[in-house]
>>> print(open('coords.tsv').read())   # TSV, N, CA, C and O atoms
chain	number	residue	atom	x	y	z
T	1	MET	N	-273.79	116.01	-61.54
T	1	MET	CA	-272.45	115.68	-61.94
T	1	MET	C	-271.76	115.01	-60.75
T	1	MET	O	-271.88	115.48	-59.63
T	2	ASN	N	-271.07	113.92	-61.02
T	2	ASN	CA	-270.39	113.17	-59.99
T	2	ASN	C	-269.00	112.80	-60.49
T	2	ASN	O	-268.87	112.11	-61.50
T	3	ASP	N	-267.98	113.31	-59.84
T	3	ASP	CA	-266.60	113.09	-60.28
T	3	ASP	C	-266.39	113.52	-61.72
T	3	ASP	O	-265.72	112.84	-62.50
T	4	GLY	N	-267.02	114.63	-62.11
T	4	GLY	CA	-266.84	115.15	-63.46
T	4	GLY	C	-267.66	114.46	-64.53
T	4	GLY	O	-267.50	114.74	-65.71
T	5	LYS	N	-268.56	113.56	-64.14
T	5	LYS	CA	-269.38	112.83	-65.11
T	5	LYS	C	-270.85	113.04	-64.78
T	5	LYS	O	-271.25	113.07	-63.62
T	6	TRP	N	-271.69	113.17	-65.82
T	6	TRP	CA	-273.12	113.32	-65.62
T	6	TRP	C	-273.73	111.97	-65.28
T	6	TRP	O	-273.33	110.95	-65.83
T	7	MET	N	-274.68	111.98	-64.38
T	7	MET	CA	-275.35	110.74	-64.03
T	7	MET	C	-276.84	111.01	-63.82
T	7	MET	O	-277.23	112.13	-63.50
T	8	LYS	N	-277.66	110.00	-64.07
T	8	LYS	CA	-279.10	110.10	-63.84
T	8	LYS	C	-279.45	109.26	-62.63
T	8	LYS	O	-278.97	108.15	-62.47
T	9	THR	N	-280.29	109.84	-61.77
T	9	THR	CA	-280.78	109.09	-60.61
T	9	THR	C	-282.24	109.42	-60.39
T	9	THR	O	-282.74	110.43	-60.89
T	10	LYS	N	-282.93	108.59	-59.67
T	10	LYS	CA	-284.34	108.82	-59.36
T	10	LYS	C	-284.49	109.73	-58.15
T	10	LYS	O	-285.57	110.24	-57.89
T	11	THR	N	-283.44	109.91	-57.39
T	11	THR	CA	-283.49	110.74	-56.19
T	11	THR	C	-282.35	111.75	-56.23
T	11	THR	O	-281.36	111.57	-56.92
T	12	LEU	N	-282.51	112.81	-55.46
T	12	LEU	CA	-281.45	113.81	-55.35
T	12	LEU	C	-280.33	113.25	-54.48
T	12	LEU	O	-280.56	112.40	-53.62
T	13	SER	N	-279.13	113.76	-54.69
T	13	SER	CA	-278.02	113.34	-53.85
T	13	SER	C	-278.26	113.81	-52.41
T	13	SER	O	-279.08	114.70	-52.16
T	14	THR	N	-277.55	113.23	-51.46
T	14	THR	CA	-277.79	113.52	-50.05
T	14	THR	C	-277.60	115.00	-49.71
T	14	THR	O	-278.27	115.51	-48.83
T	15	GLU	N	-276.74	115.69	-50.43
T	15	GLU	CA	-276.56	117.12	-50.14
T	15	GLU	C	-277.79	117.95	-50.47
T	15	GLU	O	-277.95	119.05	-49.98
T	16	TYR	N	-278.69	117.42	-51.30
T	16	TYR	CA	-279.93	118.11	-51.66
T	16	TYR	C	-281.16	117.42	-51.10
T	16	TYR	O	-282.28	117.68	-51.53
T	17	LYS	N	-281.00	116.55	-50.12
T	17	LYS	CA	-282.13	115.74	-49.64
T	17	LYS	C	-283.27	116.57	-49.06
T	17	LYS	O	-284.41	116.15	-49.10
T	18	ASP	N	-282.98	117.76	-48.56
T	18	ASP	CA	-284.03	118.61	-47.99
T	18	ASP	C	-284.48	119.72	-48.94
T	18	ASP	O	-285.26	120.58	-48.55
T	19	TYR	N	-284.00	119.69	-50.17
T	19	TYR	CA	-284.36	120.74	-51.13
T	19	TYR	C	-285.78	120.52	-51.64
T	19	TYR	O	-286.14	119.41	-52.03
T	20	ASP	N	-286.59	121.57	-51.62
T	20	ASP	CA	-287.97	121.48	-52.08
T	20	ASP	C	-288.04	121.87	-53.55
T	20	ASP	O	-287.93	123.04	-53.90
T	21	LEU	N	-288.20	120.89	-54.42
T	21	LEU	CA	-288.25	121.14	-55.86
T	21	LEU	C	-289.45	122.00	-56.27
T	21	LEU	O	-289.42	122.68	-57.29
T	22	TYR	N	-290.50	121.97	-55.48
T	22	TYR	CA	-291.71	122.71	-55.83
T	22	TYR	C	-291.58	124.20	-55.56
T	22	TYR	O	-292.14	125.02	-56.27
T	23	SER	N	-290.85	124.57	-54.52
T	23	SER	CA	-290.74	125.99	-54.20
T	23	SER	C	-289.46	126.61	-54.74
T	23	SER	O	-289.31	127.82	-54.71
T	24	GLY	N	-288.55	125.80	-55.24
T	24	GLY	CA	-287.29	126.32	-55.77
T	24	GLY	C	-287.49	127.05	-57.09
T	24	GLY	O	-288.45	126.80	-57.82
T	25	TYR	N	-286.58	127.96	-57.39
T	25	TYR	CA	-286.65	128.72	-58.63
T	25	TYR	C	-286.25	127.81	-59.80
T	25	TYR	O	-285.26	127.09	-59.73
T	26	LYS	N	-287.04	127.82	-60.84
T	26	LYS	CA	-286.79	126.97	-62.00
T	26	LYS	C	-286.41	127.84	-63.20
T	26	LYS	O	-286.99	128.90	-63.40
T	27	VAL	N	-285.46	127.39	-63.97
T	27	VAL	CA	-285.03	128.10	-65.17
T	27	VAL	C	-285.40	127.24	-66.36
T	27	VAL	O	-284.99	126.09	-66.46
T	28	VAL	N	-286.20	127.79	-67.27
T	28	VAL	CA	-286.56	127.08	-68.49
T	28	VAL	C	-285.47	127.36	-69.51
T	28	VAL	O	-285.23	128.50	-69.89
T	29	LEU	N	-284.79	126.32	-69.94
T	29	LEU	CA	-283.69	126.47	-70.88
T	29	LEU	C	-284.23	126.32	-72.30
T	29	LEU	O	-284.75	125.27	-72.67
T	30	THR	N	-284.11	127.38	-73.07
T	30	THR	CA	-284.61	127.36	-74.44
T	30	THR	C	-283.49	127.50	-75.46
T	30	THR	O	-283.75	127.62	-76.64
T	31	ASP	N	-282.25	127.46	-74.99
T	31	ASP	CA	-281.11	127.56	-75.91
T	31	ASP	C	-281.07	126.31	-76.78
T	31	ASP	O	-281.50	125.24	-76.38
T	32	ASP	N	-280.53	126.44	-77.96
T	32	ASP	CA	-280.46	125.31	-78.89
T	32	ASP	C	-279.24	124.41	-78.64
T	32	ASP	O	-279.03	123.46	-79.35
T	33	GLN	N	-278.48	124.71	-77.62
T	33	GLN	CA	-277.29	123.92	-77.33
T	33	GLN	C	-277.65	122.65	-76.58
T	33	GLN	O	-278.63	122.60	-75.85
T	34	GLU	N	-276.86	121.62	-76.78
T	34	GLU	CA	-277.00	120.40	-75.99
T	34	GLU	C	-276.61	120.77	-74.57
T	34	GLU	O	-275.50	121.23	-74.31
T	35	LEU	N	-277.51	120.59	-73.61
T	35	LEU	CA	-277.30	121.09	-72.26
T	35	LEU	C	-276.04	120.56	-71.60
T	35	LEU	O	-275.30	121.29	-70.96
T	36	TYR	N	-275.79	119.29	-71.71
T	36	TYR	CA	-274.63	118.72	-71.03
T	36	TYR	C	-273.32	119.21	-71.63
T	36	TYR	O	-272.37	119.48	-70.92
T	37	SER	N	-273.27	119.36	-72.95
T	37	SER	CA	-272.03	119.82	-73.58
T	37	SER	C	-271.83	121.31	-73.36
T	37	SER	O	-270.72	121.81	-73.45
T	38	ALA	N	-272.90	122.05	-73.06
T	38	ALA	CA	-272.81	123.49	-72.83
T	38	ALA	C	-272.85	123.81	-71.35
T	38	ALA	O	-273.13	124.94	-70.96
T	39	TYR	N	-272.54	122.85	-70.51
T	39	TYR	CA	-272.65	123.01	-69.07
T	39	TYR	C	-271.88	124.23	-68.56
T	39	TYR	O	-272.40	125.01	-67.78
T	40	ASP	N	-270.65	124.40	-69.01
T	40	ASP	CA	-269.84	125.53	-68.53
T	40	ASP	C	-270.48	126.86	-68.86
T	40	ASP	O	-270.49	127.79	-68.05
T	41	ASN	N	-271.05	126.99	-70.08
T	41	ASN	CA	-271.74	128.23	-70.47
T	41	ASN	C	-273.00	128.45	-69.65
T	41	ASN	O	-273.28	129.56	-69.21
T	42	MET	N	-273.78	127.39	-69.45
T	42	MET	CA	-275.02	127.50	-68.68
T	42	MET	C	-274.73	127.86	-67.22
T	42	MET	O	-275.46	128.61	-66.60
T	43	ARG	N	-273.65	127.32	-66.71
T	43	ARG	CA	-273.28	127.58	-65.32
T	43	ARG	C	-272.98	129.06	-65.11
T	43	ARG	O	-273.32	129.63	-64.07
T	44	VAL	N	-272.38	129.69	-66.10
T	44	VAL	CA	-272.09	131.13	-66.02
T	44	VAL	C	-273.37	131.93	-66.24
T	44	VAL	O	-273.68	132.85	-65.49
T	45	LYS	N	-274.12	131.57	-67.27
T	45	LYS	CA	-275.33	132.32	-67.64
T	45	LYS	C	-276.39	132.28	-66.55
T	45	LYS	O	-277.06	133.28	-66.29
T	46	TYR	N	-276.54	131.14	-65.90
T	46	TYR	CA	-277.56	130.96	-64.86
T	46	TYR	C	-276.89	130.69	-63.51
T	46	TYR	O	-277.21	129.73	-62.83
T	47	ALA	N	-275.98	131.56	-63.13
T	47	ALA	CA	-275.23	131.38	-61.88
T	47	ALA	C	-276.15	131.42	-60.67
T	47	ALA	O	-277.30	131.87	-60.75
T	48	LYS	N	-275.64	130.94	-59.54
T	48	LYS	CA	-276.41	130.92	-58.30
T	48	LYS	C	-276.98	132.31	-58.03
T	48	LYS	O	-276.28	133.31	-58.15
T	49	GLY	N	-278.25	132.36	-57.72
T	49	GLY	CA	-278.91	133.63	-57.48
T	49	GLY	C	-279.58	134.23	-58.71
T	49	GLY	O	-280.22	135.26	-58.62
T	50	TYR	N	-279.47	133.56	-59.88
T	50	TYR	CA	-280.10	134.06	-61.10
T	50	TYR	C	-281.60	134.15	-60.90
T	50	TYR	O	-282.23	133.24	-60.38
T	51	LYS	N	-282.17	135.27	-61.29
T	51	LYS	CA	-283.63	135.43	-61.27
T	51	LYS	C	-284.03	136.10	-62.56
T	51	LYS	O	-283.62	137.21	-62.86
T	52	GLY	N	-284.82	135.41	-63.34
T	52	GLY	CA	-285.34	135.97	-64.58
T	52	GLY	C	-286.66	136.66	-64.31
T	52	GLY	O	-286.87	137.25	-63.25
T	53	ASP	N	-287.57	136.54	-65.24
T	53	ASP	CA	-288.91	137.11	-65.07
T	53	ASP	C	-289.63	136.43	-63.91
T	53	ASP	O	-289.33	135.29	-63.57
T	54	PRO	N	-290.59	137.14	-63.29
T	54	PRO	CA	-291.37	136.50	-62.21
T	54	PRO	C	-292.02	135.21	-62.70
T	54	PRO	O	-292.45	135.12	-63.85
T	55	GLN	N	-292.06	134.24	-61.84
T	55	GLN	CA	-292.61	132.94	-62.22
T	55	GLN	C	-294.06	132.80	-61.81
T	55	GLN	O	-294.49	133.37	-60.82
T	56	LYS	N	-294.80	132.04	-62.60
T	56	LYS	CA	-296.20	131.75	-62.31
T	56	LYS	C	-296.30	130.29	-61.88
T	56	LYS	O	-295.56	129.44	-62.34
T	57	THR	N	-297.23	130.02	-61.00
T	57	THR	CA	-297.46	128.66	-60.54
T	57	THR	C	-298.64	128.08	-61.32
T	57	THR	O	-299.66	128.73	-61.47
T	58	TYR	N	-298.47	126.87	-61.80
T	58	TYR	CA	-299.52	126.19	-62.56
T	58	TYR	C	-299.91	124.91	-61.85
T	58	TYR	O	-299.09	124.23	-61.26
T	59	LYS	N	-301.19	124.62	-61.93
T	59	LYS	CA	-301.70	123.37	-61.39
T	59	LYS	C	-301.96	122.45	-62.57
T	59	LYS	O	-302.61	122.85	-63.54
T	60	VAL	N	-301.45	121.26	-62.53
T	60	VAL	CA	-301.59	120.32	-63.64
T	60	VAL	C	-302.63	119.27	-63.26
T	60	VAL	O	-302.56	118.67	-62.19
T	61	LYS	N	-303.57	119.04	-64.16
T	61	LYS	CA	-304.60	118.02	-63.94
T	61	LYS	C	-304.69	117.13	-65.16
T	61	LYS	O	-304.54	117.58	-66.28
T	62	THR	N	-304.94	115.87	-64.93
T	62	THR	CA	-305.14	114.92	-66.02
T	62	THR	C	-306.56	114.39	-65.93
T	62	THR	O	-307.00	113.95	-64.86
T	63	ASN	N	-307.28	114.44	-67.04
T	63	ASN	CA	-308.65	113.92	-67.02
T	63	ASN	C	-308.66	112.44	-67.40
T	63	ASN	O	-307.61	111.84	-67.64
T	64	ARG	N	-309.82	111.86	-67.51
T	64	ARG	CA	-309.93	110.42	-67.80
T	64	ARG	C	-309.36	110.04	-69.15
T	64	ARG	O	-308.95	108.92	-69.35
T	65	ARG	N	-309.35	110.96	-70.08
T	65	ARG	CA	-308.79	110.67	-71.41
T	65	ARG	C	-307.29	110.91	-71.46
T	65	ARG	O	-306.67	110.74	-72.49
T	66	GLY	N	-306.71	111.32	-70.34
T	66	GLY	CA	-305.29	111.53	-70.28
T	66	GLY	C	-304.84	112.91	-70.70
T	66	GLY	O	-303.67	113.21	-70.74
T	67	LYS	N	-305.79	113.79	-71.04
T	67	LYS	CA	-305.42	115.13	-71.45
T	67	LYS	C	-305.05	115.97	-70.24
T	67	LYS	O	-305.70	115.89	-69.21
T	68	VAL	N	-304.02	116.74	-70.37
T	68	VAL	CA	-303.52	117.55	-69.26
T	68	VAL	C	-304.07	118.96	-69.38
T	68	VAL	O	-304.03	119.56	-70.44
T	69	LYS	N	-304.57	119.46	-68.28
T	69	LYS	CA	-305.04	120.84	-68.21
T	69	LYS	C	-304.17	121.59	-67.21
T	69	LYS	O	-303.90	121.07	-66.13
T	70	MET	N	-303.73	122.76	-67.58
T	70	MET	CA	-302.92	123.56	-66.69
T	70	MET	C	-303.66	124.83	-66.35
T	70	MET	O	-304.20	125.49	-67.21
T	71	LYS	N	-303.68	125.15	-65.08
T	71	LYS	CA	-304.40	126.33	-64.62
T	71	LYS	C	-303.44	127.17	-63.79
T	71	LYS	O	-302.79	126.68	-62.88
T	72	GLU	N	-303.37	128.45	-64.14
T	72	GLU	CA	-302.51	129.35	-63.38
T	72	GLU	C	-303.14	129.61	-62.02
T	72	GLU	O	-304.33	129.78	-61.89
T	73	GLN	N	-302.30	129.58	-60.98
T	73	GLN	CA	-302.80	129.85	-59.64
T	73	GLN	C	-302.50	131.27	-59.24
T	73	GLN	O	-301.58	131.87	-59.65
>>> encode(input="coords.tsv", output="structure tokens")
Amino acid sequence: MNDGKWMKTKTLSTEYKDYDLYSGYKVVLTDDQELYSAYDNMRVKYAKGYKGDPQKTYKVKTNRRGKVKMKEQ
């Protein structure tokens, strides 16, 4: 969000330039709400420090036919 408006970029903003997306905690959103319109609700529900169930790490591989295989590490 930038000046109250949602924006898409290929890179993180400078304040997150050192943030490691691979080691950060990820929240899978399965609510049926449109995420951007429900931003205020999501912000409360998944506030800073939110931790749900323990997370598993998966390794993603693509074979020659383009099929993706995921393996739990």
>>> atom_distance(input="coords.tsv", atom1="atom CA of T:Ala38", atom2="atom CA of T:Tyr50")
17.4 Å
>>> closest_residue(input="coords.tsv", among="T:Tyr36, T:Asp18, T:Val68, T:Lys26", to="T:Gly52", atoms="only C-alpha atoms")
T:Lys26
>>> closest_residue(input="coords.tsv", among="T:Leu12, T:Tyr22, T:Asp3, T:Val27", to="T:Lys51", atoms="only C-alpha atoms")
T:Val27
>>> atom_distance(input="coords.tsv", atom1="atom C of T:Ser37", atom2="atom C of T:Asn2")
15.7 Å
>>> select_by_dssp(input="coords.tsv", residues="chain T", states="strand (DSSP E)", output="list in words")
Tyr58, Lys59, Val60, Lys61, Thr62, Val68, Lys69, Met70, Lys71 and Glu72 of chain T
>>> atom_distance(input="coords.tsv", atom1="atom N of T:Asp40", atom2="atom C of T:Gly24")
20.8 Å
>>> select_by_dssp(input="coords.tsv", residues="chain T", states="alpha helix (DSSP H)", output="JSON, numbers by chain")
{"T": [39, 40, 41, 42, 43, 44, 45]}
>>> write_last_selection(input="coords.tsv", atoms="N, CA, C and O atoms", output="mmCIF file, keeping the file's coordinate frame")
data_model
loop_
_atom_site.group_PDB
_atom_site.id
_atom_site.type_symbol
_atom_site.label_atom_id
_atom_site.label_comp_id
_atom_site.auth_asym_id
_atom_site.auth_seq_id
_atom_site.Cartn_x
_atom_site.Cartn_y
_atom_site.Cartn_z
ATOM 1 N N TYR T 39 -272.540 122.850 -70.510
ATOM 2 C CA TYR T 39 -272.650 123.010 -69.070
ATOM 3 C C TYR T 39 -271.880 124.230 -68.560
ATOM 4 O O TYR T 39 -272.400 125.010 -67.780
ATOM 5 N N ASP T 40 -270.650 124.400 -69.010
ATOM 6 C CA ASP T 40 -269.840 125.530 -68.530
ATOM 7 C C ASP T 40 -270.480 126.860 -68.860
ATOM 8 O O ASP T 40 -270.490 127.790 -68.050
ATOM 9 N N ASN T 41 -271.050 126.990 -70.080
ATOM 10 C CA ASN T 41 -271.740 128.230 -70.470
ATOM 11 C C ASN T 41 -273.000 128.450 -69.650
ATOM 12 O O ASN T 41 -273.280 129.560 -69.210
ATOM 13 N N MET T 42 -273.780 127.390 -69.450
ATOM 14 C CA MET T 42 -275.020 127.500 -68.680
ATOM 15 C C MET T 42 -274.730 127.860 -67.220
ATOM 16 O O MET T 42 -275.460 128.610 -66.600
ATOM 17 N N ARG T 43 -273.650 127.320 -66.710
ATOM 18 C CA ARG T 43 -273.280 127.580 -65.320
ATOM 19 C C ARG T 43 -272.980 129.060 -65.110
ATOM 20 O O ARG T 43 -273.320 129.630 -64.070
ATOM 21 N N VAL T 44 -272.380 129.690 -66.100
ATOM 22 C CA VAL T 44 -272.090 131.130 -66.020
ATOM 23 C C VAL T 44 -273.370 131.930 -66.240
ATOM 24 O O VAL T 44 -273.680 132.850 -65.490
ATOM 25 N N LYS T 45 -274.120 131.570 -67.270
ATOM 26 C CA LYS T 45 -275.330 132.320 -67.640
ATOM 27 C C LYS T 45 -276.390 132.280 -66.550
ATOM 28 O O LYS T 45 -277.060 133.280 -66.290
#
>>> decode(input="coords.tsv", residues="stretch 9-29 of chain T", atoms="N, CA, C and O atoms", output="compact mmCIF listing (two decimals), in the first residue's frame")
# COMPACT_ATOMS: atom_id res chain seq x y z
N THR T 9 4.39 -4.26 -7.64
CA THR T 9 5.75 -4.01 -8.08
C THR T 9 6.49 -5.34 -8.18
O THR T 9 6.06 -6.34 -7.60
N LYS T 10 7.56 -5.36 -8.92
CA LYS T 10 8.37 -6.57 -9.04
C LYS T 10 9.36 -6.70 -7.90
O LYS T 10 9.94 -7.76 -7.70
N THR T 11 9.58 -5.63 -7.17
CA THR T 11 10.52 -5.66 -6.06
C THR T 11 9.85 -5.11 -4.80
O THR T 11 8.86 -4.39 -4.88
N LEU T 12 10.41 -5.45 -3.66
CA LEU T 12 9.90 -4.91 -2.40
C LEU T 12 10.33 -3.45 -2.27
O LEU T 12 11.34 -3.03 -2.83
N SER T 13 9.56 -2.70 -1.51
CA SER T 13 9.94 -1.31 -1.27
C SER T 13 11.24 -1.27 -0.46
O SER T 13 11.64 -2.26 0.16
N THR T 14 11.90 -0.13 -0.45
CA THR T 14 13.22 -0.01 0.19
C THR T 14 13.18 -0.36 1.68
O THR T 14 14.16 -0.88 2.20
N GLU T 15 12.06 -0.13 2.33
CA GLU T 15 12.00 -0.47 3.76
C GLU T 15 12.06 -1.97 4.01
O GLU T 15 12.37 -2.41 5.10
N TYR T 16 11.78 -2.78 2.99
CA TYR T 16 11.83 -4.24 3.10
C TYR T 16 12.96 -4.84 2.27
O TYR T 16 12.98 -6.04 2.01
N LYS T 17 13.93 -4.04 1.86
CA LYS T 17 14.96 -4.53 0.94
C LYS T 17 15.80 -5.67 1.50
O LYS T 17 16.30 -6.48 0.75
N ASP T 18 15.92 -5.76 2.82
CA ASP T 18 16.71 -6.83 3.42
C ASP T 18 15.85 -7.96 3.97
O ASP T 18 16.36 -8.86 4.62
N TYR T 19 14.55 -7.92 3.71
CA TYR T 19 13.65 -8.95 4.23
C TYR T 19 13.81 -10.24 3.42
O TYR T 19 13.81 -10.21 2.19
N ASP T 20 13.97 -11.36 4.10
CA ASP T 20 14.14 -12.65 3.45
C ASP T 20 12.78 -13.32 3.30
O ASP T 20 12.22 -13.82 4.27
N LEU T 21 12.24 -13.33 2.09
CA LEU T 21 10.92 -13.92 1.85
C LEU T 21 10.90 -15.42 2.11
O LEU T 21 9.85 -15.99 2.40
N TYR T 22 12.04 -16.07 2.00
CA TYR T 22 12.08 -17.52 2.17
C TYR T 22 12.02 -17.94 3.63
O TYR T 22 11.46 -18.97 3.96
N SER T 23 12.59 -17.14 4.52
CA SER T 23 12.58 -17.54 5.93
C SER T 23 11.45 -16.86 6.72
O SER T 23 11.21 -17.22 7.86
N GLY T 24 10.78 -15.90 6.12
CA GLY T 24 9.70 -15.20 6.81
C GLY T 24 8.47 -16.08 6.98
O GLY T 24 8.25 -17.03 6.22
N TYR T 25 7.67 -15.77 7.99
CA TYR T 25 6.45 -16.52 8.24
C TYR T 25 5.41 -16.17 7.18
O TYR T 25 5.20 -15.00 6.88
N LYS T 26 4.79 -17.17 6.61
CA LYS T 26 3.80 -16.96 5.56
C LYS T 26 2.42 -17.37 6.07
O LYS T 26 2.29 -18.36 6.78
N VAL T 27 1.42 -16.60 5.73
CA VAL T 27 0.05 -16.90 6.11
C VAL T 27 -0.72 -17.23 4.85
O VAL T 27 -0.77 -16.43 3.92
N VAL T 28 -1.31 -18.42 4.80
CA VAL T 28 -2.12 -18.82 3.66
C VAL T 28 -3.53 -18.31 3.93
O VAL T 28 -4.17 -18.69 4.90
N LEU T 29 -4.01 -17.43 3.07
CA LEU T 29 -5.33 -16.85 3.25
C LEU T 29 -6.36 -17.68 2.50
O LEU T 29 -6.29 -17.81 1.28
